[in-house]
file my_file.tsv (TSV, N, CA and C atoms)
chain	number	residue	atom	x	y	z
N	1248	MET	N	0.83	-1.18	0.00
N	1248	MET	CA	0.00	0.00	0.00
N	1248	MET	C	0.88	1.25	0.00
N	1249	VAL	N	0.57	2.18	-0.88
N	1249	VAL	CA	1.35	3.41	-0.99
N	1249	VAL	C	0.58	4.54	-0.32
N	1250	ASN	N	1.23	5.22	0.60
N	1250	ASN	CA	0.62	6.38	1.25
N	1250	ASN	C	1.19	7.64	0.63
N	1251	CYS	N	0.35	8.37	-0.06
N	1251	CYS	CA	0.78	9.62	-0.67
N	1251	CYS	C	0.30	10.79	0.18
N	1252	PRO	N	1.18	11.75	0.42
N	1252	PRO	CA	0.74	12.91	1.20
N	1252	PRO	C	-0.26	13.75	0.39
N	1253	ILE	N	-1.23	14.27	1.11
N	1253	ILE	CA	-2.21	15.12	0.45
N	1253	ILE	C	-2.35	16.41	1.26
N	1254	GLY	N	-2.96	17.37	0.68
N	1254	GLY	CA	-3.19	18.61	1.40
N	1254	GLY	C	-4.09	19.53	0.60
N	1255	ILE	N	-4.68	20.46	1.31
N	1255	ILE	CA	-5.50	21.47	0.67
N	1255	ILE	C	-4.59	22.67	0.40
N	1256	ARG	N	-4.49	23.06	-0.83
N	1256	ARG	CA	-3.61	24.16	-1.20
N	1256	ARG	C	-4.32	25.51	-1.13
N	1257	SER	N	-5.62	25.52	-1.35
N	1257	SER	CA	-6.35	26.78	-1.30
N	1257	SER	C	-7.84	26.52	-1.18
N	1258	LEU	N	-8.55	27.54	-0.77
N	1258	LEU	CA	-10.00	27.51	-0.69
N	1258	LEU	C	-10.51	28.83	-1.27
N	1259	ALA	N	-11.71	28.81	-1.80
N	1259	ALA	CA	-12.31	30.04	-2.30
N	1259	ALA	C	-13.82	29.92	-2.20
N	1260	VAL	N	-14.49	31.03	-2.09
N	1260	VAL	CA	-15.95	31.08	-2.09
N	1260	VAL	C	-16.40	32.08	-3.13
N	1261	SER	N	-17.62	31.91	-3.58
N	1261	SER	CA	-18.20	32.84	-4.54
N	1261	SER	C	-19.63	33.11	-4.10
N	1262	PHE	N	-19.98	34.38	-4.01
N	1262	PHE	CA	-21.30	34.78	-3.56
N	1262	PHE	C	-22.12	35.31	-4.73
N	1263	PRO	N	-23.44	35.16	-4.68
N	1263	PRO	CA	-24.29	35.73	-5.73
N	1263	PRO	C	-24.11	37.25	-5.81
N	1264	SER	N	-24.37	37.79	-6.99
N	1264	SER	CA	-24.10	39.21	-7.22
N	1264	SER	C	-25.22	40.14	-6.77
N	1265	VAL	N	-26.45	39.65	-6.71
N	1265	VAL	CA	-27.58	40.50	-6.36
N	1265	VAL	C	-27.64	40.66	-4.84
N	1266	ILE	N	-27.66	41.91	-4.39
N	1266	ILE	CA	-27.74	42.21	-2.96
N	1266	ILE	C	-29.08	42.87	-2.68
N	1267	ARG	N	-29.80	42.30	-1.73
N	1267	ARG	CA	-31.08	42.88	-1.32
N	1267	ARG	C	-30.94	43.38	0.11
N	1268	LEU	N	-31.18	44.68	0.28
N	1268	LEU	CA	-31.12	45.28	1.61
N	1268	LEU	C	-32.46	45.15	2.31
N	1269	ASN	N	-32.50	45.47	3.57
N	1269	ASN	CA	-33.72	45.33	4.36
N	1269	ASN	C	-34.88	46.13	3.79
N	1270	ASP	N	-34.62	47.30	3.19
N	1270	ASP	CA	-35.71	48.11	2.62
N	1270	ASP	C	-36.47	47.36	1.52
N	1271	HIS	N	-35.78	46.50	0.79
N	1271	HIS	CA	-36.44	45.69	-0.24
N	1271	HIS	C	-37.57	44.87	0.38
N	1272	TRP	N	-37.27	44.23	1.51
N	1272	TRP	CA	-38.24	43.36	2.16
N	1272	TRP	C	-39.35	44.16	2.84
N	1273	ARG	N	-39.00	45.33	3.37
N	1273	ARG	CA	-40.02	46.19	3.98
N	1273	ARG	C	-41.04	46.66	2.94
N	1274	LYS	N	-40.55	46.99	1.75
N	1274	LYS	CA	-41.44	47.46	0.67
N	1274	LYS	C	-42.26	46.30	0.10
N	1275	LYS	N	-41.65	45.12	0.01
N	1275	LYS	CA	-42.33	43.97	-0.58
N	1275	LYS	C	-43.40	43.39	0.35
N	1276	PHE	N	-43.18	43.44	1.66
N	1276	PHE	CA	-44.10	42.87	2.65
N	1276	PHE	C	-44.44	43.89	3.73
N	1277	PRO	N	-45.07	45.01	3.37
N	1277	PRO	CA	-45.34	46.05	4.38
N	1277	PRO	C	-46.24	45.57	5.51
N	1278	ASN	N	-47.22	44.72	5.23
N	1278	ASN	CA	-48.12	44.24	6.28
N	1278	ASN	C	-47.39	43.42	7.33
N	1279	LEU	N	-46.43	42.63	6.90
N	1279	LEU	CA	-45.66	41.80	7.83
N	1279	LEU	C	-44.88	42.66	8.81
N	1280	PHE	N	-44.30	43.74	8.31
N	1280	PHE	CA	-43.48	44.58	9.18
N	1280	PHE	C	-44.33	45.47	10.07
N	1281	ALA	N	-45.53	45.81	9.65
N	1281	ALA	CA	-46.44	46.54	10.52
N	1281	ALA	C	-46.82	45.68	11.72
N	1282	GLN	N	-47.06	44.39	11.49
N	1282	GLN	CA	-47.39	43.46	12.57
N	1282	GLN	C	-46.20	43.29	13.52
N	1283	GLU	N	-44.99	43.24	12.96
N	1283	GLU	CA	-43.79	43.09	13.77
N	1283	GLU	C	-43.61	44.28	14.70
N	1284	LYS	N	-43.88	45.49	14.21
N	1284	LYS	CA	-43.74	46.69	15.05
N	1284	LYS	C	-44.66	46.61	16.25
N	1285	LEU	N	-45.90	46.16	16.03
N	1285	LEU	CA	-46.84	46.02	17.14
N	1285	LEU	C	-46.35	44.98	18.16
N	1286	ARG	N	-45.87	43.87	17.66
N	1286	ARG	CA	-45.39	42.80	18.53
N	1286	ARG	C	-44.18	43.27	19.34
N	1287	ASN	N	-43.25	43.98	18.70
N	1287	ASN	CA	-42.05	44.44	19.38
N	1287	ASN	C	-42.36	45.51	20.42
N	1288	ALA	N	-43.41	46.29	20.20
N	1288	ALA	CA	-43.79	47.32	21.17
N	1288	ALA	C	-44.26	46.68	22.47
N	1289	ARG	N	-44.82	45.47	22.39
N	1289	ARG	CA	-45.32	44.79	23.59
N	1289	ARG	C	-44.24	44.02	24.33
N	1290	VAL	N	-43.11	43.77	23.67
N	1290	VAL	CA	-42.03	43.01	24.32
N	1290	VAL	C	-41.30	43.92	25.28
N	1291	SER	N	-41.16	43.49	26.51
N	1291	SER	CA	-40.44	44.31	27.49
N	1291	SER	C	-38.95	44.19	27.27
N	1292	SER	N	-38.21	45.12	27.79
N	1292	SER	CA	-36.76	45.08	27.65
N	1292	SER	C	-36.20	43.94	28.47
N	1293	PRO	N	-35.05	43.39	28.07
N	1293	PRO	CA	-34.48	42.25	28.80
N	1293	PRO	C	-34.12	42.64	30.23
N	1294	ARG	N	-34.36	41.71	31.15
N	1294	ARG	CA	-34.04	41.95	32.55
N	1294	ARG	C	-32.57	41.70	32.81
N	1295	GLU	N	-32.06	42.38	33.82
N	1295	GLU	CA	-30.69	42.13	34.24
N	1295	GLU	C	-30.62	40.76	34.89
N	1296	SER	N	-29.57	40.05	34.62
N	1296	SER	CA	-29.42	38.71	35.18
N	1296	SER	C	-28.91	38.80	36.61
N	1297	THR	N	-29.58	38.07	37.50
N	1297	THR	CA	-29.14	38.04	38.89
N	1297	THR	C	-28.50	36.70	39.22
N	1298	SER	N	-28.56	35.75	38.29
N	1298	SER	CA	-27.98	34.43	38.54
N	1298	SER	C	-26.52	34.42	38.12
N	1299	ASP	N	-25.89	33.30	38.37
N	1299	ASP	CA	-24.50	33.14	37.94
N	1299	ASP	C	-24.40	33.31	36.43
N	1300	ASN	N	-23.27	33.80	35.98
N	1300	ASN	CA	-23.06	33.96	34.53
N	1300	ASN	C	-22.74	32.62	33.92
N	1301	ASN	N	-23.77	31.91	33.49
N	1301	ASN	CA	-23.53	30.68	32.75
N	1301	ASN	C	-23.66	30.99	31.26
N	1302	GLY	N	-23.50	30.02	30.42
N	1302	GLY	CA	-23.52	30.23	28.97
N	1302	GLY	C	-24.80	30.84	28.46
N	1303	ILE	N	-25.95	30.49	29.05
N	1303	ILE	CA	-27.23	31.00	28.58
N	1303	ILE	C	-27.34	32.50	28.87
N	1304	ASP	N	-26.92	32.93	30.05
N	1304	ASP	CA	-26.97	34.35	30.38
N	1304	ASP	C	-26.09	35.17	29.45
N	1305	ILE	N	-24.90	34.69	29.16
N	1305	ILE	CA	-24.00	35.40	28.26
N	1305	ILE	C	-24.63	35.49	26.88
N	1306	TRP	N	-25.20	34.40	26.40
N	1306	TRP	CA	-25.85	34.41	25.09
N	1306	TRP	C	-27.00	35.40	25.07
N	1307	SER	N	-27.83	35.39	26.11
N	1307	SER	CA	-28.98	36.30	26.18
N	1307	SER	C	-28.54	37.75	26.15
N	1308	GLN	N	-27.46	38.07	26.83
N	1308	GLN	CA	-26.95	39.44	26.84
N	1308	GLN	C	-26.44	39.85	25.46
N	1309	GLU	N	-25.84	38.92	24.75
N	1309	GLU	CA	-25.29	39.24	23.43
N	1309	GLU	C	-26.38	39.45	22.37
N	1310	VAL	N	-27.46	38.67	22.44
N	1310	VAL	CA	-28.51	38.79	21.43
N	1310	VAL	C	-29.57	39.83	21.78
N	1311	ALA	N	-29.60	40.30	23.02
N	1311	ALA	CA	-30.62	41.25	23.46
N	1311	ALA	C	-30.77	42.47	22.54
N	1312	PRO	N	-29.70	43.10	22.07
N	1312	PRO	CA	-29.87	44.27	21.21
N	1312	PRO	C	-30.57	43.98	19.89
N	1313	TYR	N	-30.57	42.73	19.46
N	1313	TYR	CA	-31.14	42.38	18.16
N	1313	TYR	C	-32.58	41.87	18.24
N	1314	LEU	N	-33.09	41.63	19.43
N	1314	LEU	CA	-34.42	41.04	19.57
N	1314	LEU	C	-35.53	41.97	19.05
N	1315	SER	N	-35.36	43.27	19.15
N	1315	SER	CA	-36.39	44.18	18.66
N	1315	SER	C	-36.24	44.47	17.17
N	1316	ASP	N	-35.13	44.04	16.57
N	1316	ASP	CA	-34.89	44.23	15.13
N	1316	ASP	C	-35.52	43.06	14.36
N	1317	GLN	N	-36.42	43.36	13.42
N	1317	GLN	CA	-37.07	42.30	12.64
N	1317	GLN	C	-36.06	41.45	11.89
N	1318	PHE	N	-34.92	42.02	11.54
N	1318	PHE	CA	-33.92	41.30	10.75
N	1318	PHE	C	-32.80	40.71	11.61
N	1319	ARG	N	-32.92	40.87	12.92
N	1319	ARG	CA	-31.96	40.32	13.89
N	1319	ARG	C	-30.52	40.73	13.56
N	1320	GLY	N	-30.33	41.97	13.13
N	1320	GLY	CA	-28.99	42.48	12.86
N	1320	GLY	C	-28.50	42.30	11.44
N	1321	ASN	N	-29.20	41.50	10.63
N	1321	ASN	CA	-28.80	41.33	9.24
N	1321	ASN	C	-29.10	42.60	8.46
N	1322	ILE	N	-28.23	42.94	7.54
N	1322	ILE	CA	-28.40	44.16	6.75
N	1322	ILE	C	-28.67	43.83	5.28
N	1323	GLU	N	-28.02	42.79	4.78
N	1323	GLU	CA	-28.19	42.44	3.38
N	1323	GLU	C	-28.27	40.94	3.20
N	1324	ARG	N	-28.87	40.55	2.08
N	1324	ARG	CA	-28.93	39.15	1.68
N	1324	ARG	C	-28.48	39.04	0.23
N	1325	ARG	N	-27.81	37.97	-0.09
N	1325	ARG	CA	-27.36	37.71	-1.46
N	1325	ARG	C	-28.36	36.80	-2.15
N	1326	VAL	N	-28.70	37.13	-3.40
N	1326	VAL	CA	-29.67	36.37	-4.18
N	1326	VAL	C	-29.04	36.03	-5.53
N	1327	VAL	N	-29.23	34.82	-5.99
N	1327	VAL	CA	-28.69	34.40	-7.29
N	1327	VAL	C	-29.35	35.23	-8.39
N	1328	GLY	N	-28.53	35.86	-9.22
N	1328	GLY	CA	-29.03	36.67	-10.32
N	1328	GLY	C	-29.54	35.83	-11.47
N	1329	SER	N	-30.18	36.49	-12.43
N	1329	SER	CA	-30.76	35.76	-13.57
N	1329	SER	C	-29.71	35.10	-14.44
N	1330	ASP	N	-28.48	35.63	-14.44
N	1330	ASP	CA	-27.41	35.04	-15.24
N	1330	ASP	C	-26.49	34.15	-14.40
N	1331	GLU	N	-26.90	33.83	-13.18
N	1331	GLU	CA	-26.09	33.00	-12.29
N	1331	GLU	C	-26.82	31.70	-11.95
N	1332	SER	N	-26.05	30.72	-11.53
N	1332	SER	CA	-26.59	29.46	-11.04
N	1332	SER	C	-25.60	28.92	-10.02
N	1333	SER	N	-25.96	27.85	-9.35
N	1333	SER	CA	-25.00	27.27	-8.40
N	1333	SER	C	-23.74	26.82	-9.13
N	1334	LEU	N	-23.89	26.34	-10.37
N	1334	LEU	CA	-22.73	25.90	-11.14
N	1334	LEU	C	-21.82	27.06	-11.50
N	1335	THR	N	-22.37	28.22	-11.87
N	1335	THR	CA	-21.50	29.36	-12.20
N	1335	THR	C	-20.78	29.87	-10.94
N	1336	LEU	N	-21.46	29.83	-9.80
N	1336	LEU	CA	-20.81	30.25	-8.56
N	1336	LEU	C	-19.71	29.25	-8.16
N	1337	GLU	N	-19.99	27.96	-8.32
N	1337	GLU	CA	-18.98	26.93	-8.03
N	1337	GLU	C	-17.78	27.09	-8.97
N	1338	TYR	N	-18.05	27.39	-10.22
N	1338	TYR	CA	-16.98	27.57	-11.20
N	1338	TYR	C	-16.07	28.73	-10.80
N	1339	CYS	N	-16.67	29.86	-10.44
N	1339	CYS	CA	-15.87	31.03	-10.03
N	1339	CYS	C	-15.01	30.71	-8.81
N	1340	ALA	N	-15.59	30.04	-7.82
N	1340	ALA	CA	-14.85	29.69	-6.62
N	1340	ALA	C	-13.72	28.70	-6.94
N	1341	ALA	N	-14.01	27.71	-7.77
N	1341	ALA	CA	-12.99	26.71	-8.13
N	1341	ALA	C	-11.86	27.35	-8.92
N	1342	LYS	N	-12.20	28.22	-9.85
N	1342	LYS	CA	-11.19	28.92	-10.66
N	1342	LYS	C	-10.29	29.77	-9.75
N	1343	ASP	N	-10.92	30.48	-8.80
N	1343	ASP	CA	-10.14	31.31	-7.85
N	1343	ASP	C	-9.24	30.44	-6.98
N	1344	ALA	N	-9.74	29.28	-6.55
N	1344	ALA	CA	-8.93	28.38	-5.71
N	1344	ALA	C	-7.74	27.82	-6.48
N	1345	ILE	N	-7.96	27.44	-7.72
N	1345	ILE	CA	-6.87	26.91	-8.56
N	1345	ILE	C	-5.83	27.99	-8.80
N	1346	ASN	N	-6.28	29.21	-9.09
N	1346	ASN	CA	-5.34	30.31	-9.31
N	1346	ASN	C	-4.58	30.67	-8.03
N	1347	ALA	N	-5.27	30.67	-6.88
N	1347	ALA	CA	-4.62	30.98	-5.61
N	1347	ALA	C	-3.55	29.95	-5.26
N	1348	ALA	N	-3.78	28.70	-5.64
N	1348	ALA	CA	-2.81	27.63	-5.37
N	1348	ALA	C	-1.70	27.59	-6.41
N	1349	LYS	N	-1.83	28.43	-7.44
N	1349	LYS	CA	-0.86	28.46	-8.54
N	1349	LYS	C	-0.71	27.08	-9.18
N	1350	LEU	N	-1.86	26.47	-9.48
N	1350	LEU	CA	-1.90	25.15	-10.11
N	1350	LEU	C	-2.44	25.26	-11.52
N	1351	SER	N	-2.06	24.32	-12.35
N	1351	SER	CA	-2.68	24.19	-13.66
N	1351	SER	C	-3.76	23.10	-13.55
N	1352	PRO	N	-4.70	23.05	-14.46
N	1352	PRO	CA	-5.73	22.00	-14.39
N	1352	PRO	C	-5.14	20.58	-14.35
N	1353	ASP	N	-3.99	20.37	-14.97
N	1353	ASP	CA	-3.36	19.04	-14.98
N	1353	ASP	C	-2.85	18.62	-13.60
N	1354	GLU	N	-2.59	19.59	-12.72
N	1354	GLU	CA	-2.03	19.29	-11.41
N	1354	GLU	C	-3.08	18.99	-10.34
N	1355	VAL	N	-4.35	19.14	-10.66
N	1355	VAL	CA	-5.42	18.87	-9.70
N	1355	VAL	C	-5.73	17.38	-9.73
N	1356	ASP	N	-5.58	16.73	-8.58
N	1356	ASP	CA	-5.79	15.28	-8.50
N	1356	ASP	C	-7.21	14.91	-8.10
N	1357	LEU	N	-7.85	15.74	-7.30
N	1357	LEU	CA	-9.18	15.42	-6.82
N	1357	LEU	C	-9.93	16.72	-6.56
N	1358	MET	N	-11.21	16.71	-6.89
N	1358	MET	CA	-12.05	17.87	-6.64
N	1358	MET	C	-13.28	17.39	-5.89
N	1359	ILE	N	-13.59	18.08	-4.78
N	1359	ILE	CA	-14.78	17.77	-3.99
N	1359	ILE	C	-15.71	18.96	-4.15
N	1360	VAL	N	-16.93	18.69	-4.57
N	1360	VAL	CA	-17.89	19.76	-4.85
N	1360	VAL	C	-19.12	19.60	-3.97
N	1361	THR	N	-19.56	20.71	-3.40
N	1361	THR	CA	-20.82	20.72	-2.67
N	1361	THR	C	-21.42	22.10	-2.78
N	1362	SER	N	-22.73	22.14	-2.83
N	1362	SER	CA	-23.42	23.43	-2.82
N	1362	SER	C	-24.71	23.27	-2.05
N	1363	LEU	N	-25.17	24.35	-1.49
N	1363	LEU	CA	-26.38	24.30	-0.67
N	1363	LEU	C	-27.61	24.01	-1.53
N	1364	PHE	N	-27.75	24.74	-2.61
N	1364	PHE	CA	-28.89	24.55	-3.52
N	1364	PHE	C	-28.36	24.41	-4.94
N	1365	GLY	N	-28.31	23.20	-5.44
N	1365	GLY	CA	-27.84	22.99	-6.79
N	1365	GLY	C	-28.99	22.88	-7.77
N	1366	GLU	N	-28.70	23.06	-9.07
N	1366	GLU	CA	-29.77	22.91	-10.06
N	1366	GLU	C	-30.16	21.45	-10.26
N	1367	ASN	N	-29.19	20.56	-10.10
N	1367	ASN	CA	-29.44	19.13	-10.30
N	1367	ASN	C	-29.68	18.47	-8.95
N	1368	ILE	N	-30.71	17.67	-8.88
N	1368	ILE	CA	-30.97	16.93	-7.65
N	1368	ILE	C	-30.18	15.63	-7.72
N	1369	GLY	N	-29.48	15.32	-6.65
N	1369	GLY	CA	-28.70	14.09	-6.61
N	1369	GLY	C	-27.22	14.36	-6.65
N	1370	THR	N	-26.47	13.30	-6.90
N	1370	THR	CA	-25.01	13.41	-6.90
N	1370	THR	C	-24.49	13.64	-8.31
N	1371	GLY	N	-23.21	13.85	-8.41
N	1371	GLY	CA	-22.58	13.96	-9.72
N	1371	GLY	C	-22.34	15.38	-10.20
N	1372	LYS	N	-22.51	16.38	-9.33
N	1372	LYS	CA	-22.30	17.76	-9.74
N	1372	LYS	C	-20.83	18.04	-10.07
N	1373	ALA	N	-19.93	17.32	-9.44
N	1373	ALA	CA	-18.51	17.53	-9.67
N	1373	ALA	C	-18.12	17.27	-11.12
N	1374	VAL	N	-18.83	16.38	-11.76
N	1374	VAL	CA	-18.52	16.05	-13.16
N	1374	VAL	C	-18.73	17.27	-14.05
N	1375	TYR	N	-19.85	17.98	-13.85
N	1375	TYR	CA	-20.13	19.17	-14.66
N	1375	TYR	C	-19.08	20.25	-14.42
N	1376	LEU	N	-18.69	20.43	-13.18
N	1376	LEU	CA	-17.71	21.46	-12.85
N	1376	LEU	C	-16.33	21.08	-13.38
N	1377	ALA	N	-15.94	19.82	-13.23
N	1377	ALA	CA	-14.64	19.37	-13.74
N	1377	ALA	C	-14.57	19.56	-15.26
N	1378	GLN	N	-15.68	19.30	-15.93
N	1378	GLN	CA	-15.72	19.49	-17.38
N	1378	GLN	C	-15.53	20.96	-17.74
N	1379	GLN	N	-16.20	21.86	-17.03
N	1379	GLN	CA	-16.06	23.29	-17.30
N	1379	GLN	C	-14.64	23.78	-17.03
N	1380	LEU	N	-14.00	23.23	-16.00
N	1380	LEU	CA	-12.64	23.65	-15.65
N	1380	LEU	C	-11.57	22.93	-16.47
N	1381	GLU	N	-12.01	22.00	-17.30
N	1381	GLU	CA	-11.10	21.19	-18.14
N	1381	GLU	C	-10.12	20.39	-17.29
N	1382	LEU	N	-10.62	19.85	-16.17
N	1382	LEU	CA	-9.80	19.00	-15.30
N	1382	LEU	C	-9.85	17.57	-15.77
N	1383	ARG	N	-8.83	16.82	-15.44
N	1383	ARG	CA	-8.79	15.41	-15.80
N	1383	ARG	C	-8.81	14.52	-14.55
N	1384	CYS	N	-9.11	15.12	-13.42
N	1384	CYS	CA	-9.11	14.39	-12.16
N	1384	CYS	C	-10.47	13.80	-11.87
N	1385	ARG	N	-10.52	13.04	-10.79
N	1385	ARG	CA	-11.79	12.52	-10.30
N	1385	ARG	C	-12.48	13.63	-9.52
N	1386	GLY	N	-13.78	13.64	-9.58
N	1386	GLY	CA	-14.55	14.60	-8.80
N	1386	GLY	C	-15.60	13.88	-7.99
N	1387	ILE	N	-15.76	14.30	-6.76
N	1387	ILE	CA	-16.80	13.71	-5.92
N	1387	ILE	C	-17.64	14.82	-5.30
call {"tool": "encode", "arguments": {"input": "my_file.tsv", "output": "structure tokens"}}
result
Amino acid sequence: MVNCPIGIRSLAVSFPSVIRLNDHWRKKFPNLFAQEKLRNARVSSPRESTSDNNGIDIWSQEVAPYLSDQFRGNIERRVVGSDESSLTLEYCAAKDAINAAKLSPDEVDLMIVTSLFGENIGTGKAVYLAQQLELRCRGI
């Protein structure tokens, strides 16, 4: 049995180009946010903790400023544009990772692909990406 050393040379991520700010959602769902304002007005401010500082108390203190915010501190969300797909985002990330590692397609031995929401249901997405990148390695 031959043991060959392996390692990760680089990582990259690619995010969708469309950014939607909180105002987008407020305009799209005004009734929802009117209801949230009423609900938040009835919520009392967090009480000071008198018990020992355990993990739950620390967590409660950290999230308290965001409880009255409908978006819980989030400011923007990324949305896949009309000219984008999970495969185009994977391609951009893979291309950036290969370039960051200063590798040629011939030097890539294995590619592992995963995405949260892919266009194809099931396995085998790595094959499409390897084909686009002109790799000759195995993909899983």
call {"tool": "atom_distance", "arguments": {"input": "my_file.tsv", "atom1": "atom CA of N:Arg1383", "atom2": "atom N of N:Lys1342"}}
result
14.5 Å
call {"tool": "atom_distance", "arguments": {"input": "my_file.tsv", "atom1": "atom CA of N:Arg1267", "atom2": "atom CA of N:Ser1333"}}
result
18.2 Å
call {"tool": "closest_residue", "arguments": {"input": "my_file.tsv", "among": "N:Leu1357, N:Val1265, N:Ala1281, N:Ile1255", "to": "N:Arg1324", "atoms": "only N, CA and C atoms"}}
result
N:Val1265
call {"tool": "atom_distance", "arguments": {"input": "my_file.tsv", "atom1": "atom CA of N:Ser1257", "atom2": "atom CA of N:Ser1332"}}
result
22.6 Å
call {"tool": "closest_residue", "arguments": {"input": "my_file.tsv", "among": "N:Ala1340, N:Val1249, N:Leu1376, N:Val1326", "to": "N:Ile1266", "atoms": "only C-alpha atoms"}}
result
N:Val1326
call {"tool": "axis_aligned_box", "arguments": {"input": "my_file.tsv", "around": "stretch 1332-1342 of chain N", "padding_each_side": "3 Å", "output": "lines of an AutoDock Vina configuration file"}}
result
center_x = -18.4
center_y = 28.5
center_z = -9.4
size_x = 22.3
size_y = 11.1
size_z = 11.6
call {"tool": "residues_around", "arguments": {"input": "my_file.tsv", "residues": "N:Leu1279", "least_positions_apart": "6", "cutoff": "10 Å", "atoms": "only C-alpha atoms", "output": "list of chain:residue names"}}
result
N:Trp1272, N:Arg1273, N:Gln1317
